[in-house]
Amino acid sequence: MTITLEAIEAEQTKVNEMILAFKKQAATTVFHIAAATITLAPGERYAGLVLGENGEADYHLILLPGDAEDVDWEAAGKWATEHGGVLPNRREQSLLFANLKSEFQPTYYWSGQQHEEESGWAWYQYFGYGSQDDDREGLALRARAVRRLILQ
């Protein structure tokens, strides 16, 4: 076998690629969360930090006081708006279940998300054991409102 400069350079390229791949897998991920002072109004509860699509801190979630009983999905949304917030989305409901379950009755609460494929249906969460499902928007469930403190 004859050794050529081209063969050596090709092998060197392979070794360089292996070194880069090794460095990437060994690299430490640094996650920065800016310090924040969050003022809560009476009755509000801090639910936690919500991450964005890229995995970075996106916003803080605040649970507002009070709840609505026996409301359909549209009325739940109106109620949340009248109380200075919005219905939580499905991800936010999961966070609320994880961090503030004791603030909820062990029953069904509307989310702010309509079903992606079924017209007239929306998502809800059961705060007894945390499952999420969907049903017709005319169903009478409970509702809680949240507000989002967007990170700048």
# chains A, B, ... in the order shown; residues from 1 in each chain; ligands from 1
>>> select_by_dssp(residues="chain A", states="strand (DSSP E or B)", output="MDAnalysis selection string")
chainID A and resid 45:51 57:63 68:71 86 108:114 121:126 132:136 141:143 146:150
>>> residues_around(residues="stretch 95-99 of chain A", least_positions_apart="4", cutoff="8 Å", atoms="only C-alpha atoms", output="count of residues only")
5
>>> closest_residue(among="A:Gly55, A:Tyr46, A:Lys14, A:Lys78", to="A:Val30", atoms="only C-alpha atoms")
A:Gly55
>>> closest_residue(among="A:Leu139, A:Ile3, A:Val146, A:Val15", to="A:Leu63", atoms="only C-alpha atoms")
A:Val146
>>> residues_around(residues="A:Ala122", least_positions_apart="4", cutoff="9 Å", atoms="only C-alpha atoms", output="list of chain:residue names")
A:Trp73, A:Trp110, A:Ser111, A:Gly112, A:Gln113, A:Gln114, A:His115, A:Glu116, A:Glu118, A:Asp133, A:Asp134, A:Asp135, A:Arg136, A:Glu137
>>> write_last_selection(atoms="N, CA and C atoms", output="CSV table (one decimal), in the first residue's frame")
chain,number,residue,atom,x,y,z
A,73,TRP,N,-67.4,26.1,27.5
A,73,TRP,CA,-66.1,26.6,27.1
A,73,TRP,C,-66.1,28.1,26.8
A,110,TRP,N,-61.7,23.6,32.2
A,110,TRP,CA,-61.4,23.9,30.8
A,110,TRP,C,-60.0,24.5,30.6
A,111,SER,N,-59.4,24.1,29.5
A,111,SER,CA,-58.2,24.8,29.0
A,111,SER,C,-58.7,25.9,28.0
A,112,GLY,N,-57.7,26.7,27.6
A,112,GLY,CA,-58.1,27.7,26.5
A,112,GLY,C,-57.9,27.2,25.1
A,113,GLN,N,-57.6,25.9,25.0
A,113,GLN,CA,-57.3,25.3,23.7
A,113,GLN,C,-58.5,24.6,23.1
A,114,GLN,N,-58.9,25.0,21.9
A,114,GLN,CA,-59.9,24.2,21.2
A,114,GLN,C,-59.2,23.0,20.6
A,115,HIS,N,-59.9,21.9,20.3
A,115,HIS,CA,-59.4,20.8,19.6
A,115,HIS,C,-58.9,21.1,18.2
A,116,GLU,N,-57.8,20.5,17.8
A,116,GLU,CA,-57.2,20.9,16.6
A,116,GLU,C,-57.9,20.3,15.4
A,118,GLU,N,-61.4,18.6,15.8
A,118,GLU,CA,-62.8,18.4,16.0
A,118,GLU,C,-63.4,19.8,16.2
A,133,ASP,N,-58.1,15.6,28.4
A,133,ASP,CA,-59.0,15.0,27.3
A,133,ASP,C,-59.8,16.1,26.7
A,134,ASP,N,-60.6,15.8,25.7
A,134,ASP,CA,-61.4,16.8,25.0
A,134,ASP,C,-62.9,16.4,25.0
A,135,ASP,N,-63.7,17.4,24.9
A,135,ASP,CA,-65.2,17.1,24.8
A,135,ASP,C,-65.8,18.3,24.1
A,136,ARG,N,-67.1,18.2,23.9
A,136,ARG,CA,-67.9,19.3,23.3
A,136,ARG,C,-67.8,20.6,24.2
A,137,GLU,N,-67.7,21.7,23.5
A,137,GLU,CA,-67.5,23.0,24.2
A,137,GLU,C,-68.8,23.4,25.0
>>> residues_around(residues="A:Ala41", least_positions_apart="6", cutoff="10 Å", atoms="only C-alpha atoms", output="PyMOL selection string")
chain A and resi 62+64-65
>>> write_last_selection(atoms="C-alpha atoms", output="PDB file, in the first residue's frame")
ATOM      1  CA  ILE A  62     -49.518  33.224  37.660  1.00  0.00           C
ATOM      2  CA  LEU A  64     -55.474  34.124  39.522  1.00  0.00           C
ATOM      3  CA  PRO A  65     -57.869  33.760  42.454  1.00  0.00           C
TER       4      PRO A  65
END
>>> atom_distance(atom1="atom CA of A:Asp58", atom2="atom CA of A:Trp79")
25.5 Å
>>> residues_around(residues="A:Leu149", least_positions_apart="6", cutoff="7 Å", atoms="only C-alpha atoms", output="list in words")
Tyr59, His60 and Leu61 of chain A
>>> select_by_dssp(residues="chain A", states="helix (DSSP H, G or I)", output="number ranges by chain")
A: 5-26, 73-82, 90-103
>>> write_last_selection(atoms="N, CA and C atoms", output="tab-separated table (two decimals), in the first residue's frame")
chain	number	residue	atom	x	y	z
A	5	LEU	N	-0.45	11.78	0.05
A	5	LEU	CA	-0.87	12.96	0.79
A	5	LEU	C	-2.39	13.04	0.86
A	6	GLU	N	-3.07	12.68	-0.23
A	6	GLU	CA	-4.53	12.70	-0.27
A	6	GLU	C	-5.13	11.74	0.76
A	7	ALA	N	-4.52	10.56	0.91
A	7	ALA	CA	-5.01	9.56	1.87
A	7	ALA	C	-4.81	10.07	3.30
A	8	ILE	N	-3.68	10.71	3.55
A	8	ILE	CA	-3.42	11.26	4.89
A	8	ILE	C	-4.41	12.38	5.20
A	9	GLU	N	-4.65	13.27	4.24
A	9	GLU	CA	-5.59	14.36	4.45
A	9	GLU	C	-7.01	13.86	4.67
A	10	ALA	N	-7.39	12.81	3.94
A	10	ALA	CA	-8.73	12.23	4.13
A	10	ALA	C	-8.88	11.65	5.53
A	11	GLU	N	-7.87	10.95	5.99
A	11	GLU	CA	-7.90	10.39	7.35
A	11	GLU	C	-7.91	11.50	8.39
A	12	GLN	N	-7.14	12.57	8.14
A	12	GLN	CA	-7.10	13.70	9.06
A	12	GLN	C	-8.48	14.36	9.15
A	13	THR	N	-9.18	14.47	8.02
A	13	THR	CA	-10.53	15.03	8.00
A	13	THR	C	-11.46	14.19	8.86
A	14	LYS	N	-11.36	12.87	8.72
A	14	LYS	CA	-12.20	11.97	9.55
A	14	LYS	C	-11.90	12.16	11.03
A	15	VAL	N	-10.62	12.25	11.39
A	15	VAL	CA	-10.23	12.43	12.79
A	15	VAL	C	-10.75	13.77	13.31
A	16	ASN	N	-10.65	14.85	12.52
A	16	ASN	CA	-11.16	16.15	12.94
A	16	ASN	C	-12.67	16.12	13.17
A	17	GLU	N	-13.40	15.43	12.29
A	17	GLU	CA	-14.85	15.29	12.47
A	17	GLU	C	-15.18	14.52	13.74
A	18	MET	N	-14.42	13.49	14.04
A	18	MET	CA	-14.63	12.71	15.27
A	18	MET	C	-14.36	13.57	16.50
A	19	ILE	N	-13.32	14.39	16.44
A	19	ILE	CA	-13.00	15.27	17.57
A	19	ILE	C	-14.13	16.26	17.81
A	20	LEU	N	-14.64	16.87	16.73
A	20	LEU	CA	-15.76	17.82	16.87
A	20	LEU	C	-16.99	17.14	17.46
A	21	ALA	N	-17.32	15.94	16.96
A	21	ALA	CA	-18.47	15.21	17.49
A	21	ALA	C	-18.29	14.89	18.96
A	22	PHE	N	-17.09	14.52	19.36
A	22	PHE	CA	-16.81	14.20	20.76
A	22	PHE	C	-16.98	15.44	21.63
A	23	LYS	N	-16.46	16.57	21.16
A	23	LYS	CA	-16.58	17.81	21.94
A	23	LYS	C	-18.03	18.23	22.11
A	24	LYS	N	-18.85	18.04	21.08
A	24	LYS	CA	-20.26	18.39	21.17
A	24	LYS	C	-20.98	17.55	22.22
A	25	GLN	N	-20.71	16.26	22.27
A	25	GLN	CA	-21.40	15.41	23.23
A	25	GLN	C	-20.89	15.62	24.64
A	26	ALA	N	-19.69	16.12	24.79
A	26	ALA	CA	-19.13	16.34	26.11
A	26	ALA	C	-19.38	17.76	26.62
A	73	TRP	N	-67.40	26.15	27.50
A	73	TRP	CA	-66.06	26.62	27.14
A	73	TRP	C	-66.06	28.12	26.80
A	74	GLU	N	-67.04	28.57	26.04
A	74	GLU	CA	-67.09	29.99	25.66
A	74	GLU	C	-67.29	30.87	26.89
A	75	ALA	N	-68.21	30.49	27.78
A	75	ALA	CA	-68.45	31.26	28.99
A	75	ALA	C	-67.21	31.24	29.90
A	76	ALA	N	-66.49	30.13	29.92
A	76	ALA	CA	-65.26	30.04	30.72
A	76	ALA	C	-64.24	31.05	30.24
A	77	GLY	N	-64.08	31.17	28.92
A	77	GLY	CA	-63.14	32.14	28.37
A	77	GLY	C	-63.53	33.57	28.69
A	78	LYS	N	-64.82	33.87	28.60
A	78	LYS	CA	-65.31	35.21	28.94
A	78	LYS	C	-65.08	35.49	30.42
A	79	TRP	N	-65.37	34.51	31.26
A	79	TRP	CA	-65.16	34.67	32.70
A	79	TRP	C	-63.69	34.97	32.99
A	80	ALA	N	-62.78	34.23	32.37
A	80	ALA	CA	-61.34	34.44	32.60
A	80	ALA	C	-60.93	35.86	32.19
A	81	THR	N	-61.42	36.32	31.06
A	81	THR	CA	-61.10	37.67	30.59
A	81	THR	C	-61.63	38.72	31.55
A	82	GLU	N	-62.86	38.54	32.04
A	82	GLU	CA	-63.45	39.48	32.99
A	82	GLU	C	-62.66	39.54	34.29
A	90	ARG	N	-52.93	23.81	27.55
A	90	ARG	CA	-52.71	22.45	28.07
A	90	ARG	C	-51.38	22.32	28.80
A	91	ARG	N	-50.33	22.91	28.25
A	91	ARG	CA	-49.02	22.86	28.92
A	91	ARG	C	-49.09	23.54	30.28
A	92	GLU	N	-49.77	24.69	30.32
A	92	GLU	CA	-49.90	25.42	31.56
A	92	GLU	C	-50.73	24.64	32.58
A	93	GLN	N	-51.77	23.95	32.13
A	93	GLN	CA	-52.55	23.13	33.05
A	93	GLN	C	-51.70	22.01	33.65
A	94	SER	N	-50.80	21.45	32.86
A	94	SER	CA	-49.90	20.43	33.40
A	94	SER	C	-49.01	21.02	34.48
A	95	LEU	N	-48.51	22.23	34.26
A	95	LEU	CA	-47.68	22.90	35.26
A	95	LEU	C	-48.49	23.21	36.51
A	96	LEU	N	-49.72	23.68	36.33
A	96	LEU	CA	-50.60	23.95	37.47
A	96	LEU	C	-50.86	22.69	38.28
A	97	PHE	N	-51.08	21.58	37.59
A	97	PHE	CA	-51.30	20.30	38.29
A	97	PHE	C	-50.05	19.91	39.07
A	98	ALA	N	-48.89	20.09	38.47
A	98	ALA	CA	-47.64	19.70	39.13
A	98	ALA	C	-47.32	20.59	40.33
A	99	ASN	N	-47.56	21.89	40.21
A	99	ASN	CA	-47.11	22.82	41.25
A	99	ASN	C	-48.19	23.37	42.17
A	100	LEU	N	-49.44	23.39	41.71
A	100	LEU	CA	-50.50	24.01	42.52
A	100	LEU	C	-51.76	23.15	42.57
A	101	LYS	N	-51.62	21.86	42.54
A	101	LYS	CA	-52.78	20.96	42.54
A	101	LYS	C	-53.74	21.26	43.68
A	102	SER	N	-53.20	21.64	44.83
A	102	SER	CA	-54.06	21.89	46.00
A	102	SER	C	-54.98	23.10	45.81
A	103	GLU	N	-54.72	23.92	44.80
A	103	GLU	CA	-55.55	25.09	44.53
A	103	GLU	C	-56.80	24.74	43.71
>>> closest_residue(among="A:Gln105, A:Thr37, A:Gln125, A:Thr4", to="A:Leu87", atoms="only C-alpha atoms")
A:Gln125
>>> residues_around(residues="A:Ala35", least_positions_apart="3", cutoff="12 Å", atoms="only C-alpha atoms", output="list in words")
His32, Ile38, Leu49, Ala57, His60, Leu151 and Gln152 of chain A
>>> write_last_selection(atoms="N, CA and C atoms", output="mmCIF file, in the first residue's frame")
data_model
loop_
_atom_site.group_PDB
_atom_site.id
_atom_site.type_symbol
_atom_site.label_atom_id
_atom_site.label_comp_id
_atom_site.auth_asym_id
_atom_site.auth_seq_id
_atom_site.Cartn_x
_atom_site.Cartn_y
_atom_site.Cartn_z
ATOM 1 N N HIS A 32 -29.433 29.878 31.636
ATOM 2 C CA HIS A 32 -29.502 31.121 32.407
ATOM 3 C C HIS A 32 -30.956 31.520 32.618
ATOM 4 N N ILE A 38 -41.379 39.258 41.185
ATOM 5 C CA ILE A 38 -42.747 39.134 40.694
ATOM 6 C C ILE A 38 -43.695 39.549 41.812
ATOM 7 N N LEU A 49 -42.209 28.625 35.942
ATOM 8 C CA LEU A 49 -41.605 29.114 34.713
ATOM 9 C C LEU A 49 -42.011 28.216 33.563
ATOM 10 N N ALA A 57 -36.182 29.855 28.867
ATOM 11 C CA ALA A 57 -37.223 30.465 29.692
ATOM 12 C C ALA A 57 -38.036 31.436 28.855
ATOM 13 N N HIS A 60 -43.322 33.567 33.073
ATOM 14 C CA HIS A 60 -43.773 33.073 34.375
ATOM 15 C C HIS A 60 -45.294 32.966 34.324
ATOM 16 N N LEU A 151 -40.999 37.197 29.778
ATOM 17 C CA LEU A 151 -39.614 37.604 30.037
ATOM 18 C C LEU A 151 -39.120 38.480 28.901
ATOM 19 N N GLN A 152 -38.402 39.504 29.228
ATOM 20 C CA GLN A 152 -37.859 40.426 28.207
ATOM 21 C C GLN A 152 -36.425 40.110 27.915
#
>>> closest_residue(among="A:Tyr108, A:Glu44, A:Pro88, A:Thr28", to="A:Tyr129", atoms="only C-alpha atoms")
A:Tyr108
>>> atom_distance(atom1="atom CA of A:Arg45", atom2="atom CA of A:Ser131")
21.9 Å
>>> atom_distance(atom1="atom CA of A:Ile33", atom2="atom CA of A:Val50")
11.4 Å
>>> closest_residue(among="A:Gly138, A:Gly52, A:Pro106, A:Gly66", to="A:Gly85", atoms="only C-alpha atoms")
A:Gly66
